[in-house]
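**Q** Sending over target-v3.txt (compact mmCIF, C-alpha atoms).
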```
# COMPACT_ATOMS: atom_id res chain seq x y z
CA MET A 29 0.00 0.00 0.00
CA ALA A 30 2.91 2.33 0.82
CA LEU A 31 4.45 1.67 -2.60
CA ASP A 32 1.04 2.10 -4.19
CA TYR A 33 -0.12 5.31 -2.51
CA THR A 34 3.14 7.21 -1.83
CA PRO A 35 3.57 8.35 -5.48
CA LYS A 36 -0.11 9.30 -5.63
CA ILE A 37 0.06 11.29 -2.40
CA LEU A 38 3.25 13.05 -3.51
CA GLY A 39 1.63 13.78 -6.87
CA ALA A 40 -1.50 15.12 -5.16
CA ILE A 41 0.62 17.41 -2.94
CA LEU A 42 2.51 18.64 -5.99
CA VAL A 43 -0.73 19.29 -7.87
CA TYR A 44 -2.08 21.17 -4.85
CA LEU A 45 0.98 23.38 -4.55
CA ILE A 46 1.23 24.13 -8.26
CA GLY A 47 -2.56 24.49 -8.58
CA SER A 48 -2.79 26.93 -5.65
CA TRP A 49 0.01 29.01 -7.15
CA LYS A 50 -1.65 29.05 -10.58
CA ILE A 51 -5.04 29.95 -9.08
CA GLY A 52 -3.43 32.91 -7.33
CA ARG A 53 -1.77 34.01 -10.58
CA ILE A 54 -5.02 33.72 -12.54
CA ALA A 55 -6.88 35.71 -9.85
CA ASN A 56 -4.22 38.47 -9.96
CA VAL A 57 -4.31 38.68 -13.76
CA SER A 58 -8.12 38.81 -13.69
CA ARG A 59 -8.05 41.56 -11.07
CA LYS A 60 -5.63 43.67 -13.14
CA MET A 61 -7.81 43.21 -16.21
CA MET A 62 -10.92 44.32 -14.28
CA ILE A 63 -9.10 47.34 -12.86
CA HIS A 64 -7.92 48.26 -16.38
CA ARG A 65 -11.50 48.04 -17.64
CA LYS A 66 -12.71 50.02 -14.60
CA PHE A 67 -15.03 47.38 -13.20
CA ASP A 68 -16.82 48.29 -9.97
CA VAL A 69 -14.90 47.32 -6.81
CA SER A 70 -17.80 45.21 -5.52
CA LEU A 71 -18.00 43.38 -8.83
CA GLN A 72 -14.22 42.79 -8.82
CA THR A 73 -14.38 41.19 -5.38
CA PHE A 74 -17.33 39.00 -6.33
CA LEU A 75 -15.87 37.78 -9.65
CA ILE A 76 -12.43 37.09 -8.13
CA SER A 77 -14.05 35.04 -5.38
CA LEU A 78 -16.12 33.17 -7.97
CA ILE A 79 -13.01 32.38 -10.05
CA LYS A 80 -11.07 31.17 -7.00
CA VAL A 81 -13.90 28.93 -5.78
CA GLY A 82 -14.49 27.42 -9.23
CA LEU A 83 -10.80 26.69 -9.86
CA THR A 84 -10.35 25.30 -6.33
CA VAL A 85 -13.24 22.88 -6.83
CA MET A 86 -11.71 21.72 -10.12
CA MET A 87 -8.32 21.24 -8.42
CA PHE A 88 -9.94 19.29 -5.60
CA LEU A 89 -11.65 16.95 -8.08
CA ALA A 90 -8.34 16.44 -9.89
CA ILE A 91 -6.55 15.57 -6.63
CA VAL A 92 -9.30 13.17 -5.58
CA GLY A 93 -9.08 11.48 -8.98
CA MET A 94 -5.30 11.12 -8.64
CA LEU A 95 -5.77 9.32 -5.32
CA GLY A 96 -7.90 6.73 -7.07
CA VAL A 97 -11.30 7.88 -5.87
CA ASN A 98 -14.11 7.69 -8.40
CA ILE A 99 -15.03 11.33 -9.02
CA THR A 100 -18.23 10.49 -10.92
CA SER A 101 -20.16 10.40 -7.67
CA PHE A 102 -18.64 13.74 -6.62
CA ALA A 103 -19.56 15.30 -9.94
CA ALA A 104 -23.12 14.01 -9.66
CA LEU A 105 -23.32 15.30 -6.09
CA LEU A 106 -22.08 18.76 -7.12
CA ALA A 107 -24.50 18.85 -10.06
CA GLY A 108 -27.42 17.90 -7.83
CA ALA A 109 -26.41 20.44 -5.20
CA GLY A 110 -26.07 23.14 -7.83
CA LEU A 111 -29.52 22.36 -9.22
CA ALA A 112 -31.11 22.41 -5.78
CA ILE A 113 -29.38 25.65 -4.80
CA GLY A 114 -30.34 27.25 -8.12
CA ALA A 115 -34.01 26.33 -7.65
CA ALA A 116 -34.04 27.58 -4.05
CA LEU A 117 -32.30 30.85 -4.88
CA ASN A 118 -34.06 31.56 -8.15
CA GLY A 119 -34.95 35.17 -7.27
CA SER A 120 -31.59 35.85 -5.63
CA LEU A 121 -29.70 34.52 -8.64
CA CYS A 122 -31.78 36.78 -10.89
CA ASN A 123 -30.82 39.74 -8.71
CA LEU A 124 -27.19 38.58 -8.75
CA ALA A 125 -27.16 38.46 -12.54
CA GLY A 126 -28.81 41.88 -12.65
CA GLY A 127 -26.18 43.31 -10.31
CA VAL A 128 -23.38 41.97 -12.48
CA MET A 129 -24.98 43.51 -15.59
CA LEU A 130 -25.42 46.88 -13.85
CA MET A 131 -21.78 46.94 -12.77
CA ILE A 132 -20.49 45.94 -16.20
CA PHE A 133 -22.61 48.27 -18.37
CA LYS A 134 -22.93 51.06 -15.73
CA PRO A 135 -26.21 52.76 -16.71
CA PHE A 136 -25.69 54.83 -13.56
CA LYS A 137 -23.16 55.30 -10.77
CA VAL A 138 -23.20 56.22 -7.10
CA GLY A 139 -24.33 59.85 -6.73
CA ASP A 140 -26.46 59.90 -9.89
CA ILE A 141 -30.12 60.92 -9.79
CA ILE A 142 -32.24 58.23 -11.41
CA ASP A 143 -35.90 57.39 -11.92
CA ALA A 144 -36.54 53.64 -12.04
CA GLN A 145 -39.21 51.18 -10.94
CA GLY A 146 -41.56 54.04 -10.08
CA VAL A 147 -39.18 55.77 -7.63
CA ALA A 148 -36.70 58.61 -8.01
CA GLY A 149 -33.71 59.61 -5.93
CA VAL A 150 -29.94 59.66 -5.56
CA VAL A 151 -28.07 56.36 -5.90
CA ALA A 152 -26.42 55.71 -2.53
CA GLU A 153 -25.02 52.22 -3.14
CA ILE A 154 -24.86 49.63 -5.92
CA GLY A 155 -24.63 46.14 -4.44
CA ILE A 156 -24.43 42.69 -5.95
CA PHE A 157 -28.07 41.88 -5.16
CA CYS A 158 -29.75 45.27 -4.71
CA THR A 159 -29.32 49.00 -5.27
CA THR A 160 -29.99 51.57 -2.54
CA ILE A 161 -31.58 54.91 -3.46
CA LEU A 162 -32.08 57.95 -1.23
CA SER A 163 -35.35 59.68 -2.09
CA PRO A 164 -35.98 63.47 -1.88
CA GLU A 165 -37.92 62.75 1.34
CA ASN A 166 -34.71 61.28 2.78
CA LYS A 167 -36.16 57.77 2.64
CA THR A 168 -33.93 54.79 1.89
CA ILE A 169 -35.36 52.73 -0.97
CA ILE A 170 -33.87 49.31 -1.79
CA LEU A 171 -34.45 48.07 -5.36
CA PRO A 172 -33.72 44.46 -6.41
CA ASN A 173 -31.19 44.43 -9.22
CA GLY A 174 -33.07 41.83 -11.27
CA ALA A 175 -36.05 44.08 -11.98
CA LEU A 176 -33.87 47.19 -12.06
CA SER A 177 -31.54 45.87 -14.76
CA THR A 178 -34.40 44.82 -17.07
CA GLY A 179 -36.59 47.90 -16.54
CA VAL A 180 -36.52 51.46 -17.84
CA ILE A 181 -33.92 53.66 -16.11
CA THR A 182 -33.92 57.44 -16.48
CA ASN A 183 -30.53 58.89 -15.54
CA PHE A 184 -30.61 62.64 -14.90
CA ASN A 185 -26.82 62.87 -14.65
CA THR A 186 -25.71 61.71 -18.08
CA HIS A 187 -24.88 65.28 -19.08
CA VAL A 188 -23.31 68.03 -16.99
CA ASN A 189 -26.37 70.30 -16.92
CA LEU A 190 -29.85 69.13 -16.04
CA ARG A 191 -33.14 70.58 -17.19
CA VAL A 192 -35.76 70.74 -14.46
CA ASP A 193 -39.23 70.12 -15.87
CA LEU A 194 -42.03 71.91 -14.02
CA LYS A 195 -45.64 72.72 -14.87
CA ILE A 196 -47.82 75.61 -13.72
CA GLY A 197 -51.29 76.65 -14.85
CA ILE A 198 -52.56 80.15 -15.58
CA ALA A 199 -55.97 81.51 -16.54
CA LEU A 200 -56.96 81.37 -20.20
CA ASP A 201 -57.22 85.17 -20.56
CA VAL A 202 -53.67 85.85 -19.28
CA ASP A 203 -51.18 87.19 -21.85
CA ILE A 204 -48.78 84.31 -22.48
CA ASP A 205 -45.80 86.47 -23.47
CA ARG A 206 -46.11 88.53 -20.30
CA ALA A 207 -46.41 85.42 -18.13
CA ARG A 208 -43.36 83.94 -19.87
CA GLU A 209 -41.22 87.02 -19.19
CA ILE A 210 -42.27 87.16 -15.54
CA ALA A 211 -41.52 83.45 -15.04
CA ILE A 212 -38.07 83.66 -16.68
CA GLN A 213 -37.05 86.70 -14.63
CA ALA A 214 -38.28 84.98 -11.47
CA MET A 215 -36.28 81.81 -12.17
CA LEU A 216 -33.10 83.79 -12.90
CA LYS A 217 -33.26 85.18 -9.35
CA HIS A 218 -32.59 81.68 -7.98
CA PRO A 219 -28.84 81.46 -7.21
CA LYS A 220 -28.61 77.89 -8.49
CA VAL A 221 -30.43 78.35 -11.79
CA LEU A 222 -27.96 78.57 -14.67
CA GLN A 223 -27.91 81.74 -16.77
CA SER A 224 -26.75 79.73 -19.77
CA PRO A 225 -28.64 77.88 -21.08
CA SER A 226 -31.39 80.29 -20.17
CA PRO A 227 -34.62 79.07 -18.54
CA GLU A 228 -37.43 78.23 -20.93
CA VAL A 229 -41.18 78.76 -20.69
CA ASN A 230 -43.45 77.17 -23.29
CA VAL A 231 -47.13 76.43 -23.65
CA LEU A 232 -47.63 72.79 -22.82
CA GLU A 233 -51.39 72.48 -23.08
CA VAL A 234 -54.53 74.59 -23.48
CA GLY A 235 -57.68 73.13 -22.04
CA ASN A 236 -59.64 72.29 -18.90
CA GLY A 237 -60.12 75.98 -18.21
CA MET A 238 -56.43 76.92 -18.13
CA THR A 239 -53.19 77.33 -20.04
CA THR A 240 -50.50 74.95 -18.75
CA LEU A 241 -46.98 76.34 -19.00
CA ALA A 242 -43.85 74.18 -19.10
CA ILE A 243 -41.34 75.86 -16.76
CA ARG A 244 -37.81 74.62 -17.57
CA PRO A 245 -34.81 76.04 -15.73
CA TYR A 246 -31.34 74.47 -16.03
CA THR A 247 -29.03 73.62 -13.15
CA THR A 248 -26.17 71.33 -12.12
CA GLN A 249 -26.51 67.76 -10.92
CA GLU A 250 -25.93 68.63 -7.27
CA ASP A 251 -28.53 71.43 -7.20
CA TYR A 252 -31.36 69.62 -9.01
CA TRP A 253 -33.78 69.32 -6.07
CA ASP A 254 -33.06 72.84 -4.78
CA VAL A 255 -34.05 74.26 -8.15
CA TYR A 256 -36.96 71.83 -8.55
CA PHE A 257 -38.70 73.23 -5.49
CA GLY A 258 -37.20 76.73 -5.36
CA ALA A 259 -37.92 77.78 -8.95
CA GLN A 260 -41.55 76.71 -8.66
CA GLU A 261 -41.99 78.84 -5.54
CA LEU A 262 -40.33 81.88 -7.11
CA VAL A 263 -42.55 81.71 -10.21
CA LYS A 264 -45.71 81.39 -8.10
CA LYS A 265 -44.76 84.37 -5.95
CA ALA A 266 -43.91 86.44 -9.05
CA PHE A 267 -47.26 85.57 -10.64
CA ASP A 268 -49.08 86.60 -7.46
CA LYS A 269 -47.15 89.88 -7.28
CA GLU A 270 -47.72 90.78 -10.95
CA GLY A 271 -51.37 89.79 -10.94
CA VAL A 272 -51.06 86.75 -13.21
CA ALA A 273 -54.22 84.85 -12.39
CA GLY A 274 -54.20 81.14 -11.89
CA PRO A 275 -56.73 78.72 -13.36
CA ILE A 276 -60.27 79.00 -12.01
CA PRO A 277 -62.14 75.70 -11.85
CA THR A 278 -65.45 75.90 -13.69
CA ARG A 279 -68.39 73.57 -13.79
CA ILE A 280 -71.34 73.71 -16.14
CA ILE A 281 -74.57 72.28 -14.77
CA ILE A 282 -77.45 71.77 -17.17
CA ASN A 283 -80.78 71.33 -15.52
CA GLN A 284 -83.25 69.89 -17.93
CA LYS A 285 -86.83 70.13 -16.77
CA GLN A 286 -89.02 67.23 -17.57
```
Hey, can you dump this file as C-alpha cells for me?

**A**
Amino acid sequence: MALDYTPKILGAILVYLIGSWKIGRIANVSRKMMIHRKFDVSLQTFLISLIKVGLTVMMFLAIVGMLGVNITSFAALLAGAGLAIGAALNGSLCNLAGGVMLMIFKPFKVGDIIDAQGVAGVVAEIGIFCTTILSPENKTIILPNGALSTGVITNFNTHVNLRVDLKIGIALDVDIDRAREIAIQAMLKHPKVLQSPSPEVNVLEVGNGMTTLAIRPYTTQEDYWDVYFGAQELVKKAFDKEGVAGPIPTRIIINQKQ
C-alpha cells in the first residue's frame, strides 16, 4: 500500500501546490484586467471570489481522482447540489445576474439621480443583489437588481447640466408672453439656476379651463432638487405679485326640466 499510494500522495501534494500558485496568478491577472476596464470594486471582489472557488473545486476533483477515488459520484453530487441551490435561490440569482450587468454596463453610478421602478432619488449604493436609493424625502429605498436591470432607467446625470421640468397653470385670458417674461425673470433670481442655457417657458397644453406652461430652468446635478422646489416657488410668488391669475375651476350644470 505504501508503494502504491506514496507516489499518488506526492503527486497530489505537488498538484495542490502548483494548482494553488496558478489559481493565485489567474486571480491576480483577472483583477488587473478588471481594474484596467474600470469594473466596480464590488463586482471585482465578487468575480475574483467566484473564479477562485471554481478553480479550487476543479483542483480538488483532480486531486481526488489522482488518489484513485471515483469522481463520478462527486460530480453528480455537485451537479445535484447546484440544481437544488439554483431552484431555491431563483430570485436571488436573478438579482445577482442583474447586479453583475449593472456593474459591467454602468447605466448609472453612485451619486447619480435616477428614476426607475416608479421611484426617483440619488443612488447611494450599488450592491451585488440590490441598489440603494435615497429619495428626496430622505427615505432609503432598496431596489432588487433583477427588476432594475431589465426595466426602464432614467438617468438625470448623463450630461453636466440638467433641465428641471415643471408645470404651472394660468388663466386662459392671461397674456402668455407677459407670463413667460415674468416666469423667466423669477427663475433667474434663484442662485442655483444657470444663466446659460437660459430658462425656458413654453405652452404645454390649453384646455380644462387653463393654459398649462412648461417651466424649464437648467441647473447642475448637485442642485437639481433645490431648483426643482425653489424655482416653482419663485414663479408662483412672481405671478401673485404681478397679478397673473391662476386657473379657475369651472363647472357647467345643465338642468333639464321634464

**Q** Could you work out how far CA of Gln213 in chain A lies from CA of Ala266 in chain A, giving the answer in Å with one decimal?

**A**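 Taking CA of Ala266 in chain A and CA of Gln213 in chain A, their separation equals 8.8 Å.
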
**Q** Using all atoms listed in the file, determine which residues lie at most 10 Å from Pro35 in chain A, disregarding the query and same-chain residues fewer than 6 positions distant; provide the list as number ranges by chain.

**A** A: 41, 94-95

**Q** Which residues, written as a list in words, have at least one atom at most 9 Å from Val255 in chain A, with all atoms listed in the file counted and residues fewer than 2 positions away on the same chain left out?

**A**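 The residues that qualify are Val192, Met215, His218, Pro219, Lys220, Val221, Pro245, Tyr246, Thr247, Asp251, Tyr252, Trp253, Phe257, Gly258, Ala259 and Gln260 of chain A.
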
**Q** Could you state the separation of CA of Ala207 in chain A and CA of Arg191 in chain A in Å, given to one decimal place?

**A** 19.9 Å

**Q** At what distance in Å, to one decimal, does CA of Ile132 in chain A lie from CA of Lys60 in chain A?

**A** 15.3 Å

**Q** May I ask which of the residues A:Gly197, A:Gly139, A:Pro275, A:Gly174 is the closest one to Glu250 in chain A, counting only C-alpha atoms?

**A**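 Selected residue with least distance to Glu250 in chain A: A:Gly139.
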
**Q** Point out the residue among A:Met131, A:Ser224, A:Trp49, A:Met86 with the least atom-to-atom distance to Gln72 in chain A, counting all atoms listed in the file.

**A**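 Once distances to Gln72 in chain A are computed over all atoms listed in the file, the minimum belongs to A:Met131.
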
**Q** Of the residues A:Ile181, A:Leu232, A:Met129, A:Leu176, which is the one nearest to Thr160 in chain A, using all atoms listed in the file?

**A** A:Leu176

**Q** Using only C-alpha atoms, find the one residue out of A:Val151, A:Ser226, A:Ser177, A:Ile141 that sits nearest to Val128 in chain A.

**A**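 The closest residue to Val128 in chain A is A:Ser177.
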
**Q** Step by step: locate range 152-211 of chain A in the block above, keep C-alpha atoms, then write the file as a PDB file, in the first residue's frame.

**A**
```pdb
ATOM      1  CA  ALA A 152     -26.418  55.713  -2.529  1.00  0.00           C
ATOM      2  CA  GLU A 153     -25.015  52.221  -3.143  1.00  0.00           C
ATOM      3  CA  ILE A 154     -24.859  49.630  -5.923  1.00  0.00           C
ATOM      4  CA  GLY A 155     -24.634  46.139  -4.440  1.00  0.00           C
ATOM      5  CA  ILE A 156     -24.432  42.690  -5.953  1.00  0.00           C
ATOM      6  CA  PHE A 157     -28.073  41.883  -5.158  1.00  0.00           C
ATOM      7  CA  CYS A 158     -29.750  45.274  -4.712  1.00  0.00           C
ATOM      8  CA  THR A 159     -29.320  49.003  -5.268  1.00  0.00           C
ATOM      9  CA  THR A 160     -29.990  51.570  -2.535  1.00  0.00           C
ATOM     10  CA  ILE A 161     -31.582  54.909  -3.456  1.00  0.00           C
ATOM     11  CA  LEU A 162     -32.079  57.948  -1.231  1.00  0.00           C
ATOM     12  CA  SER A 163     -35.354  59.681  -2.093  1.00  0.00           C
ATOM     13  CA  PRO A 164     -35.976  63.468  -1.875  1.00  0.00           C
ATOM     14  CA  GLU A 165     -37.923  62.752   1.344  1.00  0.00           C
ATOM     15  CA  ASN A 166     -34.706  61.277   2.783  1.00  0.00           C
ATOM     16  CA  LYS A 167     -36.158  57.774   2.637  1.00  0.00           C
ATOM     17  CA  THR A 168     -33.925  54.793   1.889  1.00  0.00           C
ATOM     18  CA  ILE A 169     -35.362  52.726  -0.970  1.00  0.00           C
ATOM     19  CA  ILE A 170     -33.871  49.312  -1.795  1.00  0.00           C
ATOM     20  CA  LEU A 171     -34.452  48.067  -5.357  1.00  0.00           C
ATOM     21  CA  PRO A 172     -33.724  44.459  -6.407  1.00  0.00           C
ATOM     22  CA  ASN A 173     -31.186  44.431  -9.216  1.00  0.00           C
ATOM     23  CA  GLY A 174     -33.067  41.831 -11.266  1.00  0.00           C
ATOM     24  CA  ALA A 175     -36.051  44.076 -11.980  1.00  0.00           C
ATOM     25  CA  LEU A 176     -33.875  47.192 -12.056  1.00  0.00           C
ATOM     26  CA  SER A 177     -31.537  45.869 -14.761  1.00  0.00           C
ATOM     27  CA  THR A 178     -34.397  44.824 -17.066  1.00  0.00           C
ATOM     28  CA  GLY A 179     -36.591  47.901 -16.542  1.00  0.00           C
ATOM     29  CA  VAL A 180     -36.517  51.458 -17.842  1.00  0.00           C
ATOM     30  CA  ILE A 181     -33.921  53.657 -16.114  1.00  0.00           C
ATOM     31  CA  THR A 182     -33.917  57.437 -16.475  1.00  0.00           C
ATOM     32  CA  ASN A 183     -30.528  58.889 -15.540  1.00  0.00           C
ATOM     33  CA  PHE A 184     -30.614  62.636 -14.899  1.00  0.00           C
ATOM     34  CA  ASN A 185     -26.817  62.868 -14.652  1.00  0.00           C
ATOM     35  CA  THR A 186     -25.713  61.707 -18.084  1.00  0.00           C
ATOM     36  CA  HIS A 187     -24.883  65.280 -19.080  1.00  0.00           C
ATOM     37  CA  VAL A 188     -23.313  68.033 -16.994  1.00  0.00           C
ATOM     38  CA  ASN A 189     -26.373  70.299 -16.918  1.00  0.00           C
ATOM     39  CA  LEU A 190     -29.850  69.132 -16.039  1.00  0.00           C
ATOM     40  CA  ARG A 191     -33.143  70.577 -17.191  1.00  0.00           C
ATOM     41  CA  VAL A 192     -35.758  70.740 -14.456  1.00  0.00           C
ATOM     42  CA  ASP A 193     -39.225  70.118 -15.872  1.00  0.00           C
ATOM     43  CA  LEU A 194     -42.031  71.905 -14.024  1.00  0.00           C
ATOM     44  CA  LYS A 195     -45.639  72.724 -14.873  1.00  0.00           C
ATOM     45  CA  ILE A 196     -47.816  75.613 -13.722  1.00  0.00           C
ATOM     46  CA  GLY A 197     -51.286  76.648 -14.849  1.00  0.00           C
ATOM     47  CA  ILE A 198     -52.556  80.147 -15.580  1.00  0.00           C
ATOM     48  CA  ALA A 199     -55.966  81.514 -16.541  1.00  0.00           C
ATOM     49  CA  LEU A 200     -56.956  81.365 -20.201  1.00  0.00           C
ATOM     50  CA  ASP A 201     -57.217  85.165 -20.556  1.00  0.00           C
ATOM     51  CA  VAL A 202     -53.673  85.854 -19.275  1.00  0.00           C
ATOM     52  CA  ASP A 203     -51.180  87.192 -21.847  1.00  0.00           C
ATOM     53  CA  ILE A 204     -48.780  84.311 -22.478  1.00  0.00           C
ATOM     54  CA  ASP A 205     -45.797  86.467 -23.472  1.00  0.00           C
ATOM     55  CA  ARG A 206     -46.111  88.529 -20.298  1.00  0.00           C
ATOM     56  CA  ALA A 207     -46.407  85.421 -18.128  1.00  0.00           C
ATOM     57  CA  ARG A 208     -43.364  83.942 -19.870  1.00  0.00           C
ATOM     58  CA  GLU A 209     -41.224  87.017 -19.189  1.00  0.00           C
ATOM     59  CA  ILE A 210     -42.273  87.160 -15.537  1.00  0.00           C
ATOM     60  CA  ALA A 211     -41.519  83.451 -15.045  1.00  0.00           C
TER      61      ALA A 211
END
```
